[in-house]
Each structure stands twice: as structure tokens, then as C-alpha cells.
>>> print(open('work08.pdb').read())   # PDB, N, CA and C atoms
ATOM      1  N   MET A   1     129.015 103.144  26.067
ATOM      2  CA  MET A   1     128.943 104.394  25.332
ATOM      3  C   MET A   1     129.985 105.363  25.885
ATOM      4  N   SER A   2     130.495 106.179  25.023
ATOM      5  CA  SER A   2     131.436 107.204  25.480
ATOM      6  C   SER A   2     131.110 108.529  24.822
ATOM      7  N   VAL A   3     131.409 109.578  25.525
ATOM      8  CA  VAL A   3     131.253 110.933  25.018
ATOM      9  C   VAL A   3     132.633 111.555  25.003
ATOM     10  N   HIS A   4     133.088 111.952  23.831
ATOM     11  CA  HIS A   4     134.410 112.563  23.668
ATOM     12  C   HIS A   4     135.511 111.658  24.214
ATOM     13  N   GLY A   5     135.322 110.338  24.120
ATOM     14  CA  GLY A   5     136.336 109.401  24.576
ATOM     15  C   GLY A   5     136.258 109.047  26.048
ATOM     16  N   TYR A   6     135.334 109.651  26.791
ATOM     17  CA  TYR A   6     135.198 109.358  28.212
ATOM     18  C   TYR A   6     133.993 108.456  28.437
ATOM     19  N   THR A   7     134.130 107.563  29.388
ATOM     20  CA  THR A   7     133.095 106.567  29.663
ATOM     21  C   THR A   7     132.337 106.921  30.940
ATOM     22  N   ALA A   8     131.356 106.089  31.253
ATOM     23  CA  ALA A   8     130.609 106.262  32.505
ATOM     24  C   ALA A   8     131.550 106.158  33.704
ATOM     25  N   ARG A   9     132.585 105.347  33.598
ATOM     26  CA  ARG A   9     133.559 105.240  34.687
ATOM     27  C   ARG A   9     134.267 106.568  34.902
ATOM     28  N   HIS A  10     134.706 107.208  33.826
ATOM     29  CA  HIS A  10     135.342 108.521  33.942
ATOM     30  C   HIS A  10     134.384 109.518  34.585
ATOM     31  N   ARG A  11     133.121 109.498  34.132
ATOM     32  CA  ARG A  11     132.130 110.429  34.671
ATOM     33  C   ARG A  11     131.954 110.220  36.170
ATOM     34  N   ALA A  12     131.843 108.965  36.599
ATOM     35  CA  ALA A  12     131.662 108.666  38.019
ATOM     36  C   ALA A  12     132.864 109.136  38.843
ATOM     37  N   MET A  13     134.048 108.954  38.304
ATOM     38  CA  MET A  13     135.251 109.400  39.013
ATOM     39  C   MET A  13     135.288 110.914  39.102
ATOM     40  N   LEU A  14     134.972 111.607  38.019
ATOM     41  CA  LEU A  14     134.924 113.073  38.042
ATOM     42  C   LEU A  14     133.867 113.569  39.022
ATOM     43  N   GLN A  15     132.724 112.906  39.051
ATOM     44  CA  GLN A  15     131.651 113.298  39.970
ATOM     45  C   GLN A  15     132.106 113.138  41.417
ATOM     46  N   ALA A  16     132.791 112.052  41.714
ATOM     47  CA  ALA A  16     133.296 111.824  43.070
ATOM     48  C   ALA A  16     134.305 112.900  43.469
ATOM     49  N   VAL A  17     135.160 113.288  42.532
ATOM     50  CA  VAL A  17     136.116 114.369  42.809
ATOM     51  C   VAL A  17     135.349 115.658  43.082
ATOM     52  N   ALA A  18     134.360 115.961  42.268
ATOM     53  CA  ALA A  18     133.563 117.183  42.449
ATOM     54  C   ALA A  18     132.856 117.192  43.798
ATOM     55  N   GLU A  19     132.464 116.030  44.286
ATOM     56  CA  GLU A  19     131.764 115.914  45.566
ATOM     57  C   GLU A  19     132.716 115.893  46.763
ATOM     58  N   GLY A  20     134.029 115.966  46.500
ATOM     59  CA  GLY A  20     135.013 115.988  47.579
ATOM     60  C   GLY A  20     135.270 114.632  48.215
ATOM     61  N   ARG A  21     135.001 113.563  47.487
ATOM     62  CA  ARG A  21     135.141 112.204  48.007
ATOM     63  C   ARG A  21     136.423 111.514  47.545
ATOM     64  N   ALA A  22     137.316 112.238  46.873
ATOM     65  CA  ALA A  22     138.485 111.600  46.250
ATOM     66  C   ALA A  22     139.794 112.194  46.761
ATOM     67  N   GLU A  23     140.806 111.330  46.770
ATOM     68  CA  GLU A  23     142.156 111.733  47.133
ATOM     69  C   GLU A  23     143.132 111.231  46.076
ATOM     70  N   LEU A  24     144.199 111.999  45.881
ATOM     71  CA  LEU A  24     145.296 111.562  45.026
ATOM     72  C   LEU A  24     146.459 111.161  45.912
ATOM     73  N   LEU A  25     147.082 110.057  45.570
ATOM     74  CA  LEU A  25     148.296 109.626  46.235
ATOM     75  C   LEU A  25     149.441 110.101  45.374
ATOM     76  N   GLY A  26     150.243 111.016  45.916
ATOM     77  CA  GLY A  26     151.318 111.627  45.151
ATOM     78  C   GLY A  26     152.363 110.626  44.714
ATOM     79  N   GLY A  27     152.899 110.872  43.552
ATOM     80  CA  GLY A  27     153.939 110.024  42.991
ATOM     81  C   GLY A  27     154.189 110.440  41.551
ATOM     82  N   ARG A  28     155.051 109.730  40.886
ATOM     83  CA  ARG A  28     155.342 110.050  39.486
ATOM     84  C   ARG A  28     154.068 109.997  38.665
ATOM     85  N   VAL A  29     153.274 108.974  38.888
ATOM     86  CA  VAL A  29     151.945 108.864  38.290
ATOM     87  C   VAL A  29     150.988 108.672  39.463
ATOM     88  N   PRO A  30     150.157 109.677  39.780
ATOM     89  CA  PRO A  30     149.316 109.565  40.967
ATOM     90  C   PRO A  30     148.238 108.492  40.848
ATOM     91  N   SER A  31     147.819 108.014  42.007
ATOM     92  CA  SER A  31     146.706 107.082  42.102
ATOM     93  C   SER A  31     145.536 107.825  42.720
ATOM     94  N   LEU A  32     144.324 107.441  42.344
ATOM     95  CA  LEU A  32     143.122 108.104  42.833
ATOM     96  C   LEU A  32     142.314 107.125  43.672
ATOM     97  N   SER A  33     141.883 107.582  44.846
ATOM     98  CA  SER A  33     140.973 106.773  45.644
ATOM     99  C   SER A  33     139.688 107.556  45.854
ATOM    100  N   VAL A  34     138.579 106.825  45.851
ATOM    101  CA  VAL A  34     137.257 107.394  46.115
ATOM    102  C   VAL A  34     136.673 106.616  47.277
ATOM    103  N   ASP A  35     136.284 107.344  48.308
ATOM    104  CA  ASP A  35     135.727 106.710  49.502
ATOM    105  C   ASP A  35     136.664 105.631  50.044
ATOM    106  N   GLY A  36     137.971 105.857  49.913
ATOM    107  CA  GLY A  36     138.969 104.930  50.437
ATOM    108  C   GLY A  36     139.297 103.741  49.553
ATOM    109  N   LEU A  37     138.651 103.634  48.405
ATOM    110  CA  LEU A  37     138.902 102.516  47.486
ATOM    111  C   LEU A  37     139.662 103.018  46.270
ATOM    112  N   TRP A  38     140.645 102.254  45.833
ATOM    113  CA  TRP A  38     141.472 102.671  44.695
ATOM    114  C   TRP A  38     140.711 102.519  43.388
ATOM    115  N   CYS A  39     140.864 103.521  42.536
ATOM    116  CA  CYS A  39     140.184 103.556  41.233
ATOM    117  C   CYS A  39     141.033 102.884  40.165
ATOM    118  N   ASP A  40     140.397 102.624  39.052
ATOM    119  CA  ASP A  40     141.036 102.069  37.867
ATOM    120  C   ASP A  40     142.237 102.948  37.491
ATOM    121  N   PHE A  41     143.416 102.320  37.411
ATOM    122  CA  PHE A  41     144.642 103.072  37.127
ATOM    123  C   PHE A  41     144.593 103.743  35.765
ATOM    124  N   THR A  42     144.116 103.034  34.762
ATOM    125  CA  THR A  42     144.085 103.590  33.407
ATOM    126  C   THR A  42     143.153 104.796  33.337
ATOM    127  N   ALA A  43     141.981 104.682  33.932
ATOM    128  CA  ALA A  43     141.037 105.809  33.928
ATOM    129  C   ALA A  43     141.606 106.979  34.719
ATOM    130  N   THR A  44     142.255 106.693  35.843
ATOM    131  CA  THR A  44     142.893 107.764  36.626
ATOM    132  C   THR A  44     143.939 108.465  35.782
ATOM    133  N   ASN A  45     144.760 107.701  35.092
ATOM    134  CA  ASN A  45     145.795 108.278  34.242
ATOM    135  C   ASN A  45     145.172 109.125  33.132
ATOM    136  N   ASP A  46     144.077 108.653  32.548
ATOM    137  CA  ASP A  46     143.378 109.430  31.511
ATOM    138  C   ASP A  46     142.977 110.797  32.041
ATOM    139  N   LEU A  47     142.355 110.813  33.208
ATOM    140  CA  LEU A  47     141.855 112.069  33.782
ATOM    141  C   LEU A  47     142.990 112.988  34.212
ATOM    142  N   TYR A  48     144.026 112.408  34.800
ATOM    143  CA  TYR A  48     145.143 113.214  35.294
ATOM    144  C   TYR A  48     145.958 113.814  34.145
ATOM    145  N   THR A  49     146.298 112.994  33.168
ATOM    146  CA  THR A  49     147.126 113.495  32.067
ATOM    147  C   THR A  49     146.364 114.465  31.170
ATOM    148  N   ALA A  50     145.029 114.350  31.144
ATOM    149  CA  ALA A  50     144.221 115.309  30.376
ATOM    150  C   ALA A  50     144.040 116.618  31.141
ATOM    151  N   GLY A  51     144.507 116.663  32.384
ATOM    152  CA  GLY A  51     144.395 117.883  33.171
ATOM    153  C   GLY A  51     143.008 118.116  33.746
ATOM    154  N   LEU A  52     142.220 117.049  33.916
ATOM    155  CA  LEU A  52     140.861 117.200  34.444
ATOM    156  C   LEU A  52     140.821 117.156  35.960
ATOM    157  N   VAL A  53     141.776 116.464  36.575
ATOM    158  CA  VAL A  53     141.879 116.408  38.031
ATOM    159  C   VAL A  53     143.290 116.795  38.439
ATOM    160  N   ALA A  54     143.391 117.337  39.648
ATOM    161  CA  ALA A  54     144.685 117.748  40.172
ATOM    162  C   ALA A  54     144.666 117.596  41.684
ATOM    163  N   ALA A  55     145.836 117.650  42.281
ATOM    164  CA  ALA A  55     145.936 117.636  43.736
ATOM    165  C   ALA A  55     145.574 119.022  44.260
ATOM    166  N   ALA A  56     144.884 119.061  45.396
ATOM    167  CA  ALA A  56     144.496 120.343  45.991
ATOM    168  C   ALA A  56     145.707 121.129  46.466
ATOM    169  N   SER A  57     146.797 120.422  46.786
ATOM    170  CA  SER A  57     148.027 121.082  47.215
ATOM    171  C   SER A  57     149.208 120.194  46.837
ATOM    172  N   ARG A  58     150.378 120.771  46.858
ATOM    173  CA  ARG A  58     151.579 120.000  46.545
ATOM    174  C   ARG A  58     151.818 119.000  47.661
ATOM    175  N   SER A  59     152.365 117.858  47.289
ATOM    176  CA  SER A  59     152.645 116.839  48.292
ATOM    177  C   SER A  59     153.872 116.048  47.894
ATOM    178  N   GLN A  60     154.396 115.347  48.860
ATOM    179  CA  GLN A  60     155.521 114.456  48.605
ATOM    180  C   GLN A  60     154.991 113.129  48.102
ATOM    181  N   ALA A  61     155.839 112.403  47.423
ATOM    182  CA  ALA A  61     155.463 111.070  46.942
ATOM    183  C   ALA A  61     155.006 110.223  48.122
ATOM    184  N   GLY A  62     153.913 109.512  47.923
ATOM    185  CA  GLY A  62     153.387 108.642  48.957
ATOM    186  C   GLY A  62     152.435 109.309  49.926
ATOM    187  N   THR A  63     152.150 110.597  49.711
ATOM    188  CA  THR A  63     151.250 111.339  50.584
ATOM    189  C   THR A  63     149.916 111.540  49.893
ATOM    190  N   ARG A  64     148.835 111.329  50.621
ATOM    191  CA  ARG A  64     147.490 111.545  50.075
ATOM    192  C   ARG A  64     147.068 112.993  50.282
ATOM    193  N   VAL A  65     146.472 113.551  49.242
ATOM    194  CA  VAL A  65     145.907 114.902  49.320
ATOM    195  C   VAL A  65     144.551 114.896  48.619
ATOM    196  N   PRO A  66     143.668 115.799  49.006
ATOM    197  CA  PRO A  66     142.381 115.856  48.317
ATOM    198  C   PRO A  66     142.569 116.103  46.820
ATOM    199  N   ALA A  67     141.720 115.474  46.032
ATOM    200  CA  ALA A  67     141.717 115.693  44.580
ATOM    201  C   ALA A  67     140.674 116.767  44.280
ATOM    202  N   VAL A  68     140.957 117.594  43.285
ATOM    203  CA  VAL A  68     140.027 118.636  42.862
ATOM    204  C   VAL A  68     139.879 118.597  41.348
ATOM    205  N   LEU A  69     138.746 119.091  40.884
ATOM    206  CA  LEU A  69     138.552 119.247  39.444
ATOM    207  C   LEU A  69     139.206 120.538  38.998
ATOM    208  N   THR A  70     139.813 120.505  37.841
ATOM    209  CA  THR A  70     140.317 121.724  37.229
ATOM    210  C   THR A  70     139.148 122.384  36.497
ATOM    211  N   SER A  71     139.364 123.566  35.972
ATOM    212  CA  SER A  71     138.274 124.232  35.238
ATOM    213  C   SER A  71     137.848 123.406  34.030
ATOM    214  N   ILE A  72     138.793 122.821  33.330
ATOM    215  CA  ILE A  72     138.425 121.969  32.193
ATOM    216  C   ILE A  72     137.734 120.700  32.672
ATOM    217  N   GLY A  73     138.128 120.194  33.844
ATOM    218  CA  GLY A  73     137.463 119.033  34.417
ATOM    219  C   GLY A  73     135.998 119.313  34.705
ATOM    220  N   ARG A  74     135.699 120.516  35.224
ATOM    221  CA  ARG A  74     134.301 120.899  35.464
ATOM    222  C   ARG A  74     133.524 120.977  34.148
ATOM    223  N   GLN A  75     134.150 121.490  33.107
ATOM    224  CA  GLN A  75     133.489 121.585  31.802
ATOM    225  C   GLN A  75     133.196 120.195  31.243
ATOM    226  N   VAL A  76     134.174 119.310  31.305
ATOM    227  CA  VAL A  76     133.993 117.952  30.788
ATOM    228  C   VAL A  76     132.911 117.227  31.577
ATOM    229  N   LEU A  77     132.936 117.362  32.914
ATOM    230  CA  LEU A  77     131.909 116.728  33.732
ATOM    231  C   LEU A  77     130.522 117.242  33.347
ATOM    232  N   GLY A  78     130.399 118.536  33.136
ATOM    233  CA  GLY A  78     129.118 119.098  32.715
ATOM    234  C   GLY A  78     128.638 118.508  31.405
ATOM    235  N   THR A  79     129.558 118.297  30.473
ATOM    236  CA  THR A  79     129.213 117.694  29.179
ATOM    237  C   THR A  79     128.777 116.246  29.361
ATOM    238  N   LEU A  80     129.488 115.505  30.207
ATOM    239  CA  LEU A  80     129.170 114.098  30.416
ATOM    240  C   LEU A  80     127.837 113.934  31.137
ATOM    241  N   VAL A  81     127.547 114.805  32.087
ATOM    242  CA  VAL A  81     126.282 114.711  32.821
ATOM    243  C   VAL A  81     125.108 115.061  31.915
ATOM    244  N   ALA A  82     125.325 116.022  31.020
ATOM    245  CA  ALA A  82     124.253 116.452  30.114
ATOM    246  C   ALA A  82     123.975 115.429  29.018
ATOM    247  N   ALA A  83     124.948 114.562  28.734
ATOM    248  CA  ALA A  83     124.794 113.588  27.642
ATOM    249  C   ALA A  83     123.854 112.463  27.982
TER     250      ALA A  83
END
>>> encode(input="work08.pdb", output="C-alpha cells")
Amino acid sequence: MSVHGYTARHRAMLQAVAEGRAELLGGRVPSLSVDGLWCDFTATNDLYTAGLVAAASRSQAGTRVPAVLTSIGRQVLGTLVAA
């Protein structure tokens, strides 16, 4: 099942970011890790390009930084949790 095109996988990734358990690896297309494990690239790209997650600070390519939810990311997560 999906809500607004997002799946349970997207919701879990957003929840992990909200809980402070995620990092982005800087690069042209960032990678997301949760609890040290790399996430699905396609789902990460969906969340990043939609502007739902962002790096907590600027970084150089190849550097890990904490991932944070954007304001729209918090709204989408709220919708997914309520569904």
C-alpha cells in the first residue's frame, strides 16, 4: 500500500531520520544510512529529490553528516503515520 506515492519503506526511512538515526553520505546523489546500514538507493533518491530529507550541514563529497527532515518531510511523515 502507498499513501501519496510513498510506501512503508519511505515511512520507515523518514521515521529513522526524525529519530536522529540516519546519515547522508555527501555526493552528487547522496546515500542514506540508518543505524550504519545503507538504505534502498531508489527510496533515498525519492526522499531527497522530493526535498523531504536534507543534510544537517554542508559537506564534501564522501563525508557523512546527520540527515534531518525538512518541514515538508515532517508533514509527509505525519500523513504517513496517520494513514
>>> residues_around(input="work08.pdb", residues="segment 22-37 of chain A", least_positions_apart="6", cutoff="7 Å", atoms="all atoms listed in the file", output="ChimeraX atom specification")
/A:16,44-45,54-55,59-68
>>> atom_distance(input="work08.pdb", atom1="atom C of Gly73 of chain A", atom2="atom CA of Trp38 of chain A")
20.2 Å
>>> closest_residue(input="work08.pdb", among="A:Arg21, A:Ala56, A:His4, A:Arg9", to="Ala43 of chain A", atoms="all atoms listed in the file")
A:Arg9
>>> select_by_dssp(input="work08.pdb", residues="segment 9-83 of chain A", states="strand (DSSP E)", output="list in words")
Ala22, Glu23, Leu24, Leu25, Ser31, Leu32, Ser33, Val34, Leu37, Trp38, Val53, Ala54, Ala55, Arg64, Val65, Pro66, Ala67, Val68 and Leu69 of chain A
>>> select_by_dssp(input="work08.pdb", residues="chain A", states="alpha helix (DSSP H)", output="ChimeraX atom specification")
/A:8-18,41-49,71-82
>>> closest_residue(input="work08.pdb", among="A:Thr49, A:Glu19, A:Leu14, A:Cys39", to="Val76 of chain A", atoms="only N, CA and C atoms")
A:Leu14
>>> atom_distance(input="work08.pdb", atom1="atom CA of Gly20 of chain A", atom2="atom C of Gly5 of chain A")
22.7 Å
>>> atom_distance(input="work08.pdb", atom1="atom C of Gly78 of chain A", atom2="atom N of Arg11 of chain A")
10.4 Å
>>> axis_aligned_box(input="work08.pdb", around="segment 46-49 of chain A", padding_each_side="5 Å", output="JSON")
{"center_x": 144.5, "center_y": 111.6, "center_z": 33.2, "size_x": 15.3, "size_y": 15.8, "size_z": 14.1}
>>> closest_residue(input="work08.pdb", among="A:Val53, A:Ala18, A:Met13, A:Leu80", to="Asp40 of chain A", atoms="only C-alpha atoms")
A:Met13
>>> closest_residue(input="work08.pdb", among="A:Phe41, A:Val81, A:Thr70, A:Ser57", to="Tyr6 of chain A", atoms="only C-alpha atoms")
A:Val81
